[in-house]
Amino acid sequence: MIRVLLVDDQRLVRAGLRMLCDAADGIEVVGEAGDGRQAVELAARLLPDVIVMDLRMPGVDGITATSRIIGARPAARVLVLTTFGDDDHLYPALQAGACGFLLKDAPPDELLTGIRQVAAGESPFSGEVLRRLVRRAVDARPEAPRPRVAGLTAREEEVLGLVGEGLGNAEIAERMHIGVTTVKTHITALMTKTGSPNRVRLALLAHRS
């Protein structure tokens, strides 16, 4: 069971997130916080597996709360869920220690998948956010020969290219006319064959090659 702490200053949002999590298999909401100060206190007391963190809150904001939580317990896993996907929120949140960044307009299934991924040690990002991270990383790299990734099937190369565009699993499935489970199988194979620990590294590899 994945134990989740919900942090958002809006009660209605927290209620909706709790209903979503309660209806999902293997996820249990163990606490709610309405601001960053409460989040820090509850994270220390409840030791949740995943903390779903809003960023803009009165008093102690989500970035400061994330930094304090990670400072006290480096193994804590914070998944940002926010309306604001701009660089002024994205990079400070990642620097504070957040391991994933989703936007509030994401489909409900994407949030549940994100919670499970964070609990499993992965780093989920919304498509728009992933594209921004990749662009920044690619722009910062010096020009170099673009290696071809060896050992991939044609299907895997196609999936890799779509990951590089920032598409999520459901979008890739729709684009390729295959099932989401098949996409997940290809993603797993790509990570194994390329030694990429997460989706961001796969996206960077797609751009480099």
# chains A, B, ... in the order shown; residues from 1 in each chain; ligands from 1
call {"tool": "residues_around", "arguments": {"residues": "A:Gly34", "least_positions_apart": "6", "cutoff": "7 Å", "atoms": "only C-alpha atoms", "output": "number ranges by chain"}}
result
A: 7-10
call {"tool": "write_last_selection", "arguments": {"atoms": "C-alpha atoms", "output": "compact mmCIF listing (two decimals), in the first residue's frame"}}
result
# COMPACT_ATOMS: atom_id res chain seq x y z
CA VAL A 7 -0.72 19.10 0.44
CA ASP A 8 -2.89 21.86 -1.06
CA ASP A 9 -4.37 25.03 0.40
CA GLN A 10 -7.74 24.44 -1.28
call {"tool": "residues_around", "arguments": {"residues": "stretch 17-25 of chain A", "least_positions_apart": "3", "cutoff": "8 Å", "atoms": "only C-alpha atoms", "output": "PDB file with N, CA and C atoms, in the first residue's frame"}}
result
ATOM      1  N   LEU A   6      -1.369  14.459   1.159  1.00  0.00           N
ATOM      2  CA  LEU A   6      -1.843  15.464   0.214  1.00  0.00           C
ATOM      3  C   LEU A   6      -1.613  16.860   0.784  1.00  0.00           C
ATOM      4  N   VAL A  13      -9.874  20.932  -3.615  1.00  0.00           N
ATOM      5  CA  VAL A  13      -8.865  20.187  -4.367  1.00  0.00           C
ATOM      6  C   VAL A  13      -8.423  18.963  -3.574  1.00  0.00           C
ATOM      7  N   ARG A  14      -8.165  19.140  -2.289  1.00  0.00           N
ATOM      8  CA  ARG A  14      -7.749  18.002  -1.453  1.00  0.00           C
ATOM      9  C   ARG A  14      -8.835  16.933  -1.419  1.00  0.00           C
ATOM     10  N   GLU A  28      -3.250   4.766  -0.348  1.00  0.00           N
ATOM     11  CA  GLU A  28      -3.977   5.163   0.856  1.00  0.00           C
ATOM     12  C   GLU A  28      -3.553   6.569   1.254  1.00  0.00           C
ATOM     13  N   VAL A  29      -4.508   7.468   1.422  1.00  0.00           N
ATOM     14  CA  VAL A  29      -4.225   8.817   1.901  1.00  0.00           C
ATOM     15  C   VAL A  29      -4.138   8.766   3.423  1.00  0.00           C
ATOM     16  N   PRO A 108      -6.734  12.227 -14.572  1.00  0.00           N
ATOM     17  CA  PRO A 108      -6.638  11.564 -13.262  1.00  0.00           C
ATOM     18  C   PRO A 108      -5.723  10.338 -13.273  1.00  0.00           C
ATOM     19  N   LEU A 112      -2.412   9.209 -10.772  1.00  0.00           N
ATOM     20  CA  LEU A 112      -2.277   7.934 -10.064  1.00  0.00           C
ATOM     21  C   LEU A 112      -1.025   7.193 -10.522  1.00  0.00           C
TER      22      LEU A 112
END
call {"tool": "select_by_dssp", "arguments": {"residues": "stretch 29-205 of chain A", "states": "helix (DSSP H, G or I)", "output": "ChimeraX atom specification"}}
result
/A:36-46,62-72,87-96,108-119,127-140,154-164,169-176,180-194,199-205
call {"tool": "select_by_dssp", "arguments": {"residues": "stretch 47-101 of chain A", "states": "strand (DSSP E or B)", "output": "list in words"}}
result
Val50, Ile51, Val52, Met53, Val78, Leu79, Val80, Leu81, Thr82, Gly100 and Phe101 of chain A
call {"tool": "residues_around", "arguments": {"residues": "A:Ser126", "least_positions_apart": "4", "cutoff": "8 Å", "atoms": "only C-alpha atoms", "output": "PyMOL selection string"}}
result
chain A and resi 101-103+106+130+166+168
call {"tool": "residues_around", "arguments": {"residues": "A:Arg116", "least_positions_apart": "3", "cutoff": "9 Å", "atoms": "only C-alpha atoms", "output": "PyMOL selection string"}}
result
chain A and resi 2+26-27+50+111-113+119-122
call {"tool": "write_last_selection", "arguments": {"atoms": "all heavy atoms", "output": "PDB file, in the first residue's frame"}}
result
ATOM      1  N   ILE A   2       0.653   2.165  -0.929  1.00  0.00           N
ATOM      2  CA  ILE A   2       1.410   3.405  -1.010  1.00  0.00           C
ATOM      3  C   ILE A   2       0.720   4.445  -0.128  1.00  0.00           C
ATOM      4  O   ILE A   2      -0.429   4.806  -0.359  1.00  0.00           O
ATOM      5  CB  ILE A   2       1.485   3.921  -2.460  1.00  0.00           C
ATOM      6  CG1 ILE A   2       2.148   2.884  -3.364  1.00  0.00           C
ATOM      7  CG2 ILE A   2       2.248   5.238  -2.517  1.00  0.00           C
ATOM      8  CD1 ILE A   2       2.066   3.226  -4.840  1.00  0.00           C
ATOM      9  N   GLY A  26      -4.247   0.082  -4.063  1.00  0.00           N
ATOM     10  CA  GLY A  26      -2.879   0.178  -3.585  1.00  0.00           C
ATOM     11  C   GLY A  26      -2.434   1.556  -3.143  1.00  0.00           C
ATOM     12  O   GLY A  26      -1.242   1.779  -2.912  1.00  0.00           O
ATOM     13  N   ILE A  27      -3.359   2.521  -3.018  1.00  0.00           N
ATOM     14  CA  ILE A  27      -3.004   3.876  -2.589  1.00  0.00           C
ATOM     15  C   ILE A  27      -3.876   4.269  -1.406  1.00  0.00           C
ATOM     16  O   ILE A  27      -5.096   4.131  -1.454  1.00  0.00           O
ATOM     17  CB  ILE A  27      -3.174   4.897  -3.728  1.00  0.00           C
ATOM     18  CG1 ILE A  27      -2.234   4.562  -4.891  1.00  0.00           C
ATOM     19  CG2 ILE A  27      -2.909   6.314  -3.238  1.00  0.00           C
ATOM     20  CD1 ILE A  27      -2.396   5.477  -6.093  1.00  0.00           C
ATOM     21  N   VAL A  50       4.757   8.933  -0.397  1.00  0.00           N
ATOM     22  CA  VAL A  50       4.710   9.968  -1.426  1.00  0.00           C
ATOM     23  C   VAL A  50       3.990  11.190  -0.859  1.00  0.00           C
ATOM     24  O   VAL A  50       2.951  11.058  -0.207  1.00  0.00           O
ATOM     25  CB  VAL A  50       3.972   9.483  -2.695  1.00  0.00           C
ATOM     26  CG1 VAL A  50       3.864  10.612  -3.728  1.00  0.00           C
ATOM     27  CG2 VAL A  50       4.682   8.284  -3.306  1.00  0.00           C
ATOM     28  N   LEU A 111      -2.079  11.173 -12.793  1.00  0.00           N
ATOM     29  CA  LEU A 111      -1.688  11.445 -11.412  1.00  0.00           C
ATOM     30  C   LEU A 111      -1.481  10.141 -10.642  1.00  0.00           C
ATOM     31  O   LEU A 111      -0.483   9.984  -9.932  1.00  0.00           O
ATOM     32  CB  LEU A 111      -2.741  12.298 -10.715  1.00  0.00           C
ATOM     33  CG  LEU A 111      -2.512  12.493  -9.205  1.00  0.00           C
ATOM     34  CD1 LEU A 111      -1.176  13.163  -8.927  1.00  0.00           C
ATOM     35  CD2 LEU A 111      -3.660  13.273  -8.590  1.00  0.00           C
ATOM     36  N   LEU A 112      -2.412   9.209 -10.772  1.00  0.00           N
ATOM     37  CA  LEU A 112      -2.277   7.934 -10.064  1.00  0.00           C
ATOM     38  C   LEU A 112      -1.025   7.193 -10.522  1.00  0.00           C
ATOM     39  O   LEU A 112      -0.290   6.626  -9.698  1.00  0.00           O
ATOM     40  CB  LEU A 112      -3.522   7.073 -10.298  1.00  0.00           C
ATOM     41  CG  LEU A 112      -4.835   7.630  -9.738  1.00  0.00           C
ATOM     42  CD1 LEU A 112      -6.001   6.727 -10.116  1.00  0.00           C
ATOM     43  CD2 LEU A 112      -4.746   7.790  -8.225  1.00  0.00           C
ATOM     44  N   THR A 113      -0.780   7.215 -11.832  1.00  0.00           N
ATOM     45  CA  THR A 113       0.441   6.594 -12.344  1.00  0.00           C
ATOM     46  C   THR A 113       1.663   7.298 -11.788  1.00  0.00           C
ATOM     47  O   THR A 113       2.657   6.657 -11.411  1.00  0.00           O
ATOM     48  CB  THR A 113       0.464   6.651 -13.882  1.00  0.00           C
ATOM     49  OG1 THR A 113      -0.642   5.911 -14.398  1.00  0.00           O
ATOM     50  CG2 THR A 113       1.759   6.049 -14.433  1.00  0.00           C
ATOM     51  N   ALA A 119       6.645   6.381  -5.967  1.00  0.00           N
ATOM     52  CA  ALA A 119       6.838   5.381  -4.914  1.00  0.00           C
ATOM     53  C   ALA A 119       7.843   4.315  -5.339  1.00  0.00           C
ATOM     54  O   ALA A 119       8.554   3.742  -4.495  1.00  0.00           O
ATOM     55  CB  ALA A 119       5.504   4.731  -4.562  1.00  0.00           C
ATOM     56  N   ALA A 120       7.927   4.062  -6.659  1.00  0.00           N
ATOM     57  CA  ALA A 120       8.849   3.048  -7.182  1.00  0.00           C
ATOM     58  C   ALA A 120      10.228   3.620  -7.486  1.00  0.00           C
ATOM     59  O   ALA A 120      11.087   2.915  -8.010  1.00  0.00           O
ATOM     60  CB  ALA A 120       8.259   2.422  -8.449  1.00  0.00           C
ATOM     61  N   GLY A 121      10.445   4.897  -7.178  1.00  0.00           N
ATOM     62  CA  GLY A 121      11.750   5.498  -7.400  1.00  0.00           C
ATOM     63  C   GLY A 121      11.924   6.175  -8.739  1.00  0.00           C
ATOM     64  O   GLY A 121      13.036   6.588  -9.088  1.00  0.00           O
ATOM     65  N   GLU A 122      10.841   6.316  -9.495  1.00  0.00           N
ATOM     66  CA  GLU A 122      10.920   6.956 -10.799  1.00  0.00           C
ATOM     67  C   GLU A 122      10.572   8.444 -10.685  1.00  0.00           C
ATOM     68  O   GLU A 122      10.195   8.927  -9.618  1.00  0.00           O
ATOM     69  CB  GLU A 122       9.972   6.265 -11.784  1.00  0.00           C
ATOM     70  CG  GLU A 122      10.278   4.792 -11.995  1.00  0.00           C
ATOM     71  CD  GLU A 122       9.280   4.122 -12.918  1.00  0.00           C
ATOM     72  OE1 GLU A 122       8.741   4.820 -13.806  1.00  0.00           O
ATOM     73  OE2 GLU A 122       9.024   2.919 -12.748  1.00  0.00           O
TER      74      GLU A 122
END
call {"tool": "residues_around", "arguments": {"residues": "A:Val159", "least_positions_apart": "5", "cutoff": "12 Å", "atoms": "only C-alpha atoms", "output": "ChimeraX atom specification"}}
result
/A:152-154,164-178,180,182-191,199,202-203,206
call {"tool": "closest_residue", "arguments": {"among": "A:Val40, A:Met57, A:Ile115, A:Ala15", "to": "A:Arg3", "atoms": "only C-alpha atoms"}}
result
A:Ile115
call {"tool": "residues_around", "arguments": {"residues": "A:Cys99", "least_positions_apart": "3", "cutoff": "10 Å", "atoms": "only C-alpha atoms", "output": "VMD selection string"}}
result
chain A and resid 76 to 80 93 to 96 117 to 118 121 to 125
call {"tool": "residues_around", "arguments": {"residues": "A:Gly151", "least_positions_apart": "6", "cutoff": "10 Å", "atoms": "only C-alpha atoms", "output": "CSV table (one decimal) with N, CA and C atoms, in the first residue's frame"}}
result
chain,number,residue,atom,x,y,z
A,157,GLU,N,12.5,2.3,-31.7
A,157,GLU,CA,13.0,3.6,-32.2
A,157,GLU,C,11.9,4.6,-32.3
A,190,LEU,N,13.4,-0.2,-23.6
A,190,LEU,CA,14.3,1.0,-24.0
A,190,LEU,C,15.2,1.3,-22.8
A,193,LYS,N,17.8,-1.5,-22.5
A,193,LYS,CA,18.8,-1.5,-23.6
A,193,LYS,C,19.8,-0.3,-23.6
A,194,THR,N,19.2,0.8,-23.1
A,194,THR,CA,20.0,2.0,-23.2
A,194,THR,C,20.7,2.4,-21.8
call {"tool": "atom_distance", "arguments": {"atom1": "atom CA of A:Val30", "atom2": "atom CA of A:Leu81"}}
result
17.5 Å
call {"tool": "atom_distance", "arguments": {"atom1": "atom CA of A:Ile63", "atom2": "atom CA of A:Glu32"}}
result
17.0 Å
